[in-house]
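Asks: The following block contains the structure, expressed as structure tokens.
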Amino acid sequence: DARDQEGLSPPFTATYCGLPEVVKPLLKQESVDINAVLNRGSSTEVYTLLLIAAEEDEVEIVQLPLEGPAPDVGVQDHAYSTALHHSVGFGREEVVLALLADRRLNVNILNLLGGTALHAAAQCDSEGTVKAMLEDDRFNVNHRKQEGDPPLHLAANMGHGRVVQMLLEGKRVDPEIEGDNGDRPLHYAARYGHRNVAGALLDDARINLNSVGGYYKTPLHYAVIGDSSSVIPLLLANQ
């Protein structure tokens, strides 16, 4: 497990170079620790082979440590992000699927902001990833980040209509949970003029059109204040 001037051991170097055929025999060596830590950039930036492979979209290399008897599948970096967080954030859908296939993985580990990988997928508009996660019963689909928002609220806030629809179809998602400042997804859609999101929400019978959120305002209040001309008629039509 010797390291070069940059602190990289042979498995790390081969991972960065995208060489699974080199990584595989190296990991079989008794002297190689598959959970070895690399301090990259500074002493606080912690990475393992699994984290790097996930970030670099090396799905074949991701699968190699997972085949071992004791990989640290939930290892967290300096921002408390796991390999699953990394793969979602960088849009690595194949890596996400490979990680989810390992039932040893705790999918609800929180990063520095108190978010799960599902929060990241909803915020990044990763439809394929959201679909895979909703099919996995391990996810806490209603978990609220530090500032109070569940995944549905984040998707609504960003205007990701298709992701909002997918989350609602998942049925485990509660669209009436209060988020940041007591607002619900429809409040976000109304405030920021996301007609596609508002439409998806209003098609769900569980939505309370007149729910009072932060600052004692309904979605219609927010739509008027924000001059959301595309959403106001939609809200009025559903009164």
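Labels for the structure tokens follow display order: chains A, B, ..., residues from 1 in each chain, ligands from 1.
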Give me the residues of region 117-219 of chain A that have any atom at most 9 Å from an atom of region 91-95 of chain A; for each, the nearest atom pair and the distance in Å, rounded to one decimal. Use only C-alpha atoms, sort by chain and number, and format it as a Markdown table.
Replies:
```
| residue | atom | partner | partner_atom | distance |
| --- | --- | --- | --- | --- |
| A:Ala121 | CA | A:Gly91 | CA | 8.6 |
| A:Cys124 | CA | A:Gly91 | CA | 8.3 |
| A:Ser126 | CA | A:Gly91 | CA | 7.0 |
| A:Gly128 | CA | A:Glu93 | CA | 7.0 |
| A:Thr129 | CA | A:Glu93 | CA | 6.0 |
```
Asks: List the neighbours of region 172-182 of chain A out to 7 Å using only C-alpha atoms; skip same-chain residues closer than 5 positions along the sequence, and give me the result as a list of chain:residue names.
Replies: A:Val141, A:Asn142, A:Glu147, A:Gly148, A:Asp149, A:Pro150, A:His153, A:Leu167, A:Ile207, A:Gly213, A:Gly214
Asks: Ranking A:Thr116, A:Gln165, A:Ser228, A:Ser9 by minimum distance to Arg144 (chain A) and counting only C-alpha atoms, which one comes first?
Replies: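 That would be A:Thr116, the residue with the smallest distance to Arg144 (chain A).
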Asks: Can you pull out every residue within 7 Å of region 49-59 of chain A, counting only C-alpha atoms, but drop anything in the same chain fewer than 4 positions away, and send it as a PyMOL selection string?
Replies: chain A and resi 12+15+18+34+63+82-83+86-87+90+92+94-95
Asks: Would you put the residues from that selection into a file with C-alpha atoms, as a PDB file, in the first residue's frame?
Replies:
```
ATOM      1  CA  PHE A  12      -6.251   5.025  -5.967  1.00  0.00           C
ATOM      2  CA  THR A  15      -9.197   4.331  -9.982  1.00  0.00           C
ATOM      3  CA  GLY A  18     -10.376   4.403 -14.850  1.00  0.00           C
ATOM      4  CA  ILE A  34     -10.263  -1.399   0.569  1.00  0.00           C
ATOM      5  CA  GLN A  63     -18.670  -2.761  -7.776  1.00  0.00           C
ATOM      6  CA  THR A  82     -21.538   9.183   1.065  1.00  0.00           C
ATOM      7  CA  ALA A  83     -20.750   7.533  -2.260  1.00  0.00           C
ATOM      8  CA  HIS A  86     -21.578  11.813  -4.708  1.00  0.00           C
ATOM      9  CA  SER A  87     -23.060   9.704  -7.492  1.00  0.00           C
ATOM     10  CA  PHE A  90     -22.634  14.196 -10.349  1.00  0.00           C
ATOM     11  CA  ARG A  92     -23.974   9.030 -12.133  1.00  0.00           C
ATOM     12  CA  GLU A  94     -25.408   3.620 -13.158  1.00  0.00           C
ATOM     13  CA  VAL A  95     -23.348   4.086 -10.015  1.00  0.00           C
TER      14      VAL A  95
END
```
Asks: A:Asp125, A:Asn140, A:Met133, A:Asn111: which is nearest Gly161 (chain A), counting only C-alpha atoms?
Replies: A:Asp125
Asks: Between A:Tyr222, A:Val231, A:Val212, A:Gly114, which has the minimum distance to Ala198 (chain A) (counting only C-alpha atoms)?
Replies: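 Selected residue with least distance to Ala198 (chain A): A:Val231.
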Asks: Could you tell me how far CA of Leu110 (chain A) lies from CA of Leu152 (chain A), in Å and to one decimal?
Replies: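 Between CA of Leu110 (chain A) and CA of Leu152 (chain A) the gap works out to 16.7 Å.
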Asks: Which one of A:Gly199, A:Pro10, A:Pro71, A:Pro65 sits closest to Leu26 (chain A) if you count only C-alpha atoms?
Replies: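 Checking each of A:Gly199, A:Pro10, A:Pro71, A:Pro65 against Leu26 (chain A), counting only C-alpha atoms, the winner is A:Pro10.
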Asks: In region 134-209 of chain A, what's helix (DSSP H, G or I) per DSSP? Answer as a VMD selection string?
Replies: chain A and resid 134 151 to 158 161 to 169 180 to 182 185 to 192 195 to 202
Asks: Could you check the closest approach to Ile232 (chain A) for each of A:His78, A:Arg138, A:Arg191, A:Arg206 and tell me which residue wins, using only C-alpha atoms?
Replies: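 Among A:His78, A:Arg138, A:Arg191, A:Arg206, it is A:Arg191 that comes nearest to Ile232 (chain A).
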Asks: Interatomic distance between CA of Leu38 (chain A) and CA of Val107 (chain A)?
Replies: 23.0 Å
Asks: When you look at Lys131 (chain A) with a cut-off of 9 Å (counting only C-alpha atoms), what residues show up, excluding the ones that are within fewer than 6 positions of it in the same chain? I need them as a PyMOL selection string.
Replies: chain A and resi 163+166-167+170
Asks: With N, CA and C atoms retained, write the just-selected residues as a PDB file, in the first residue's frame.
Replies:
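Now in part.pdb:
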```
ATOM      1  N   VAL A 163     -40.336  15.472 -11.561  1.00  0.00           N
ATOM      2  CA  VAL A 163     -39.886  14.857 -10.308  1.00  0.00           C
ATOM      3  C   VAL A 163     -40.969  14.984  -9.240  1.00  0.00           C
ATOM      4  N   MET A 166     -43.498  12.362  -9.923  1.00  0.00           N
ATOM      5  CA  MET A 166     -42.996  11.038  -9.548  1.00  0.00           C
ATOM      6  C   MET A 166     -43.054  10.832  -8.039  1.00  0.00           C
ATOM      7  N   LEU A 167     -42.684  11.853  -7.296  1.00  0.00           N
ATOM      8  CA  LEU A 167     -42.726  11.751  -5.839  1.00  0.00           C
ATOM      9  C   LEU A 167     -44.161  11.568  -5.340  1.00  0.00           C
ATOM     10  N   GLY A 170     -45.410   8.148  -5.778  1.00  0.00           N
ATOM     11  CA  GLY A 170     -44.804   7.177  -4.882  1.00  0.00           C
ATOM     12  C   GLY A 170     -45.669   6.813  -3.694  1.00  0.00           C
TER      13      GLY A 170
END
```
